[in-house]
Amino acid sequence: MSRQESVAGSAAPRPQLWRDALVAVLAGLTAMVVTAALGLWAAGATGLPGGAFPAVVAAVVVMAAGGCVGLSGDAGAIAETSASLTVMPLSVTLVGALTIAAGFLRPLRHRAVASTRELVGRAARPAALWLLTLIGLSALARHSFTVPVEDPTGGVIGDVLDDSPEVGFEVDIPATLFFGPLWLVGVLVLALLVSRRAPLPARLVRFQETVRPAAHAMVVLLLGYVALGLVVGLVVVLTRGHPAETAAVILLGLPNLVWLALTLGLGASWEGKVDGPFGLPMPQALDSVLRTPDNSTLSVRTLAEYDGRIWWLVAVAGVALLAAAFLMAVSSPARMRPWKHAAHMAVALTLTVLIVCLVARISAHYGLSLLGVGDLGGGLGGEVALRPRLWTALGVAVAWGLVTGFLGGLLASRVHRRGEEEPPTR
């Protein structure tokens with residue numbers, strides 16, 4: 001370790017490091033709990049029976065932080081319930097990630113270089129505190145509900161089942177305690193990659209010229225889509241009403257929708273289905289395309305059959321990607337050639353689309369059967385599924401990245417950039 005790194009690594013005493021970590025974790029947890037509670041309140045979850053609201057809030061925060069919540073059911077000796085849920089409320093995720101990242105970076109904002117040891121220590125402390133937080137949330141996030149059943153047999157099924165069937169949820173603790181801290185470490189690493197003021201170890205400083213502009217541009221792209229979606233949501237409230245439903249979507253799943261729109265605008269396609277009373281949030285065209293007996297393809301073309309304005313997603317994606325590529329290029333050294341910008345943009349966009357495809361997928365199912373046959377859930381049985389066609393999405397991301405990266409590099413060549421010498425004046 002160099003002397004410079006050694007001095008940087010001893011910049012803060014250990015109690016202060018723990019205090020900084022505690023402040024970041026508590027701020028992030030508070031932001032996530034408030035966002036989840038407001039979103040669930042807008043969705044009407046305060047009326048859930050048995051005082052389930054706090055448990056549901058805790059479960060949503062766990063899922064938003066990369067944890068896993070499992071569903072279970074009990075319908076008697078010869079009947080069974082089946083339920084599963086895989087969804088990430090990305091509004092809660094985004095709020096928590098931004099808050100924790102800001103708290104993590106704040107003590108480092110006036111530093112030029114930090115040692116690897118210090119950065120690992122600063123990341124390990126909030127990760128350990130986050131692990132304890134997840135344990136506490138896991139203890140709270142469990143509840144069971146009694147499900148009313150229609151009995152077409154005149155009481156025979158009721159006699160067989162004895163009691164009304166129950167469905168409940170609880171945290172999958174081993175998976176949560178693995179993925180939860182991993183999520184937090186990913187947030188902190190991304191924060192270091194994106195922030196221009198965050199210090200890096202001396203031996204890694206040379207990589208910031210290529211990595212940081214691309215990472216920063218991708219984060220700006222994703223946040224720009226969220227901001228645009230927020231504006232659209234406010235317009236929907238002003239023109240069509242439904243403020244509670246719209247607020248629930250914004251506070252719980254806005255990035256799920258707008259980042260899905262980004263991939264669709266690039267030309268990617270998804271597949272899935274909506275069956276039963278459950279459905280997807282707005283827009284209505286999304287629910288209409290997927291509400292078929294079999295799996296359906298979700299793309300700009302299929303959505304445009306219900307609403308021709310969907311084609312604007314392609315134009316918005318093109319403009320947004322070109323702006324992101326230009327931002328990346330002007331933040332890069334002036335000596336960098338357009339073909340290098342194209343390569344960096346292609347890699348960054350492909351990784352971004354990959355992450356979106358992994359976190360935006362949805363899978364939910366509920367059913368009640370007797371001897372494994374039939375649906376006795378009184379119309380409550382259903383399924384919602386949405387998953388990407390991954391290789392197609394990654395392929396179009398590479399193509400868009402190469403084109404917009406090259407064009408962004410050409411546009412940036414007309415702008416004075418960092419490292420470029422001013423021409424001599426006569």
# chains A, B, ... in the order shown; residues from 1 in each chain; ligands from 1
$ residues_around --residues "region 120-128 of chain A" --least-positions-apart "3" --cutoff "9 Å" --atoms "only C-alpha atoms" --output "number ranges by chain"
A: 17-18, 20-22, 24-25, 104, 115-117, 131-133, 180-182, 184-185, 188-189
$ residues_around --residues "region 90-96 of chain A" --least-positions-apart "3" --cutoff "10 Å" --atoms "only C-alpha atoms" --output "number ranges by chain"
A: 24-25, 27-37, 39, 60-66, 87, 99-102, 183-184, 187, 223, 226, 249-257, 259, 359-360
$ write_last_selection --atoms "N, CA and C atoms" --output "compact mmCIF listing (two decimals), in the first residue's frame"
# COMPACT_ATOMS: atom_id res chain seq x y z
N ALA A 24 -26.53 6.63 7.32
CA ALA A 24 -26.91 6.26 5.96
C ALA A 24 -27.99 5.18 5.96
N VAL A 25 -27.82 4.15 6.80
CA VAL A 25 -28.78 3.04 6.84
C VAL A 25 -30.13 3.51 7.39
N ALA A 27 -31.37 6.54 7.40
CA ALA A 27 -32.01 7.43 6.43
C ALA A 27 -32.63 6.64 5.29
N GLY A 28 -31.90 5.64 4.78
CA GLY A 28 -32.43 4.82 3.70
C GLY A 28 -33.64 4.02 4.14
N LEU A 29 -33.57 3.42 5.34
CA LEU A 29 -34.70 2.64 5.84
C LEU A 29 -35.92 3.52 6.04
N THR A 30 -35.73 4.70 6.60
CA THR A 30 -36.86 5.61 6.80
C THR A 30 -37.50 6.00 5.48
N ALA A 31 -36.67 6.32 4.50
CA ALA A 31 -37.21 6.70 3.19
C ALA A 31 -38.00 5.56 2.56
N MET A 32 -37.50 4.35 2.68
CA MET A 32 -38.18 3.20 2.08
C MET A 32 -39.49 2.89 2.81
N VAL A 33 -39.47 2.94 4.13
CA VAL A 33 -40.68 2.66 4.90
C VAL A 33 -41.76 3.70 4.61
N VAL A 34 -41.39 4.97 4.58
CA VAL A 34 -42.37 6.03 4.31
C VAL A 34 -42.94 5.89 2.91
N THR A 35 -42.08 5.64 1.92
CA THR A 35 -42.56 5.48 0.54
C THR A 35 -43.49 4.28 0.41
N ALA A 36 -43.09 3.15 0.99
CA ALA A 36 -43.93 1.95 0.92
C ALA A 36 -45.25 2.16 1.64
N ALA A 37 -45.22 2.78 2.82
CA ALA A 37 -46.45 3.00 3.58
C ALA A 37 -47.41 3.92 2.84
N GLY A 39 -47.51 4.45 -0.41
CA GLY A 39 -48.01 3.76 -1.60
C GLY A 39 -49.07 2.73 -1.26
N VAL A 60 -42.92 -5.30 1.82
CA VAL A 60 -42.61 -4.52 0.62
C VAL A 60 -41.19 -3.97 0.70
N VAL A 61 -40.78 -3.49 1.87
CA VAL A 61 -39.42 -2.98 2.03
C VAL A 61 -38.41 -4.09 1.83
N VAL A 62 -38.70 -5.28 2.36
CA VAL A 62 -37.79 -6.42 2.18
C VAL A 62 -37.66 -6.75 0.70
N MET A 63 -38.77 -6.82 -0.02
CA MET A 63 -38.71 -7.13 -1.46
C MET A 63 -37.97 -6.03 -2.22
N ALA A 64 -38.17 -4.77 -1.82
CA ALA A 64 -37.50 -3.66 -2.49
C ALA A 64 -36.00 -3.69 -2.29
N ALA A 65 -35.56 -4.28 -1.18
CA ALA A 65 -34.13 -4.35 -0.87
C ALA A 65 -33.49 -5.65 -1.35
N GLY A 66 -34.15 -6.33 -2.25
CA GLY A 66 -33.58 -7.55 -2.80
C GLY A 66 -33.91 -8.81 -2.05
N VAL A 87 -41.83 -10.03 -7.33
CA VAL A 87 -41.94 -8.68 -7.87
C VAL A 87 -41.09 -7.77 -7.01
N THR A 99 -31.01 7.40 -1.29
CA THR A 99 -30.77 7.93 0.05
C THR A 99 -29.53 7.33 0.68
N ILE A 100 -29.40 6.01 0.60
CA ILE A 100 -28.23 5.34 1.19
C ILE A 100 -26.96 5.77 0.46
N ALA A 101 -27.02 5.86 -0.87
CA ALA A 101 -25.84 6.27 -1.62
C ALA A 101 -25.40 7.68 -1.25
N ALA A 102 -26.37 8.59 -1.09
CA ALA A 102 -26.03 9.96 -0.70
C ALA A 102 -25.39 9.99 0.69
N TRP A 183 -27.46 -6.56 -2.29
CA TRP A 183 -28.09 -5.39 -2.91
C TRP A 183 -27.46 -4.11 -2.40
N LEU A 184 -27.23 -4.03 -1.10
CA LEU A 184 -26.66 -2.81 -0.53
C LEU A 184 -25.24 -2.58 -1.04
N VAL A 187 -25.39 -1.18 -4.45
CA VAL A 187 -25.74 0.24 -4.44
C VAL A 187 -24.51 1.10 -4.14
N LEU A 223 -32.95 7.81 -14.38
CA LEU A 223 -33.64 8.81 -13.57
C LEU A 223 -34.46 9.76 -14.46
N VAL A 226 -37.69 8.12 -15.07
CA VAL A 226 -38.54 8.19 -13.89
C VAL A 226 -39.18 9.58 -13.78
N VAL A 249 -49.34 3.73 -7.85
CA VAL A 249 -48.42 3.29 -8.90
C VAL A 249 -47.11 4.06 -8.81
N ILE A 250 -47.19 5.38 -8.62
CA ILE A 250 -45.98 6.21 -8.56
C ILE A 250 -45.12 5.81 -7.37
N LEU A 251 -45.74 5.59 -6.22
CA LEU A 251 -44.98 5.34 -5.00
C LEU A 251 -44.48 3.91 -4.87
N LEU A 252 -45.06 2.99 -5.64
CA LEU A 252 -44.66 1.59 -5.53
C LEU A 252 -43.96 1.07 -6.79
N GLY A 253 -44.45 1.42 -7.97
CA GLY A 253 -43.94 0.76 -9.16
C GLY A 253 -43.69 1.63 -10.36
N LEU A 254 -43.42 2.93 -10.17
CA LEU A 254 -43.19 3.79 -11.33
C LEU A 254 -41.99 3.34 -12.16
N PRO A 255 -40.81 3.07 -11.56
CA PRO A 255 -39.71 2.59 -12.39
C PRO A 255 -40.01 1.27 -13.11
N ASN A 256 -40.83 0.41 -12.49
CA ASN A 256 -41.21 -0.83 -13.17
C ASN A 256 -41.84 -0.54 -14.52
N LEU A 257 -42.67 0.50 -14.58
CA LEU A 257 -43.36 0.85 -15.82
C LEU A 257 -42.47 1.60 -16.79
N TRP A 259 -39.14 1.95 -16.95
CA TRP A 259 -37.98 1.23 -17.47
C TRP A 259 -38.42 0.11 -18.40
N VAL A 359 -34.75 -7.02 -12.82
CA VAL A 359 -35.49 -6.48 -11.68
C VAL A 359 -36.94 -6.14 -12.00
N ALA A 360 -37.30 -6.01 -13.27
CA ALA A 360 -38.65 -5.59 -13.62
C ALA A 360 -39.59 -6.74 -13.94
$ atom_distance --atom1 "CA of Val211 (chain A)" --atom2 "CA of Ala268 (chain A)"
25.3 Å
$ residues_around --residues "Ala42 (chain A)" --least-positions-apart "2" --cutoff "6 Å" --atoms "only C-alpha atoms" --output "short mmCIF file (atom, residue, chain, number, x, y, z; two decimals) with all heavy atoms, in the first residue's frame"
data_model
loop_
_atom_site.label_atom_id
_atom_site.label_comp_id
_atom_site.auth_asym_id
_atom_site.auth_seq_id
_atom_site.Cartn_x
_atom_site.Cartn_y
_atom_site.Cartn_z
N GLY A 39 -47.51 4.45 -0.41
CA GLY A 39 -48.01 3.76 -1.60
C GLY A 39 -49.07 2.73 -1.26
O GLY A 39 -50.10 2.63 -1.94
N LEU A 40 -48.85 1.97 -0.20
CA LEU A 40 -49.85 0.98 0.21
C LEU A 40 -51.11 1.65 0.75
O LEU A 40 -52.22 1.15 0.56
CB LEU A 40 -49.24 0.05 1.26
CG LEU A 40 -48.15 -0.89 0.75
CD1 LEU A 40 -47.43 -1.55 1.91
CD2 LEU A 40 -48.74 -1.94 -0.19
N GLY A 44 -55.04 1.34 -0.68
CA GLY A 44 -56.11 0.83 0.16
C GLY A 44 -55.71 -0.30 1.08
O GLY A 44 -56.58 -1.00 1.63
N ALA A 244 -55.77 8.41 -6.15
CA ALA A 244 -55.26 7.38 -5.24
C ALA A 244 -54.56 6.26 -6.01
O ALA A 244 -53.45 5.85 -5.64
CB ALA A 244 -56.40 6.82 -4.40
N ALA A 248 -50.54 5.37 -5.92
CA ALA A 248 -50.05 4.04 -5.55
C ALA A 248 -49.04 3.52 -6.57
O ALA A 248 -48.00 2.96 -6.21
CB ALA A 248 -51.22 3.07 -5.42
#
$ atom_distance --atom1 "CA of Leu358 (chain A)" --atom2 "CA of Phe179 (chain A)"
13.6 Å
$ select_by_dssp --residues "region 78-295 of chain A" --states "alpha helix (DSSP H)" --output "PyMOL selection string"
chain A and resi 90-105+116-140+156-161+173-194+208-240+243-266+284-290
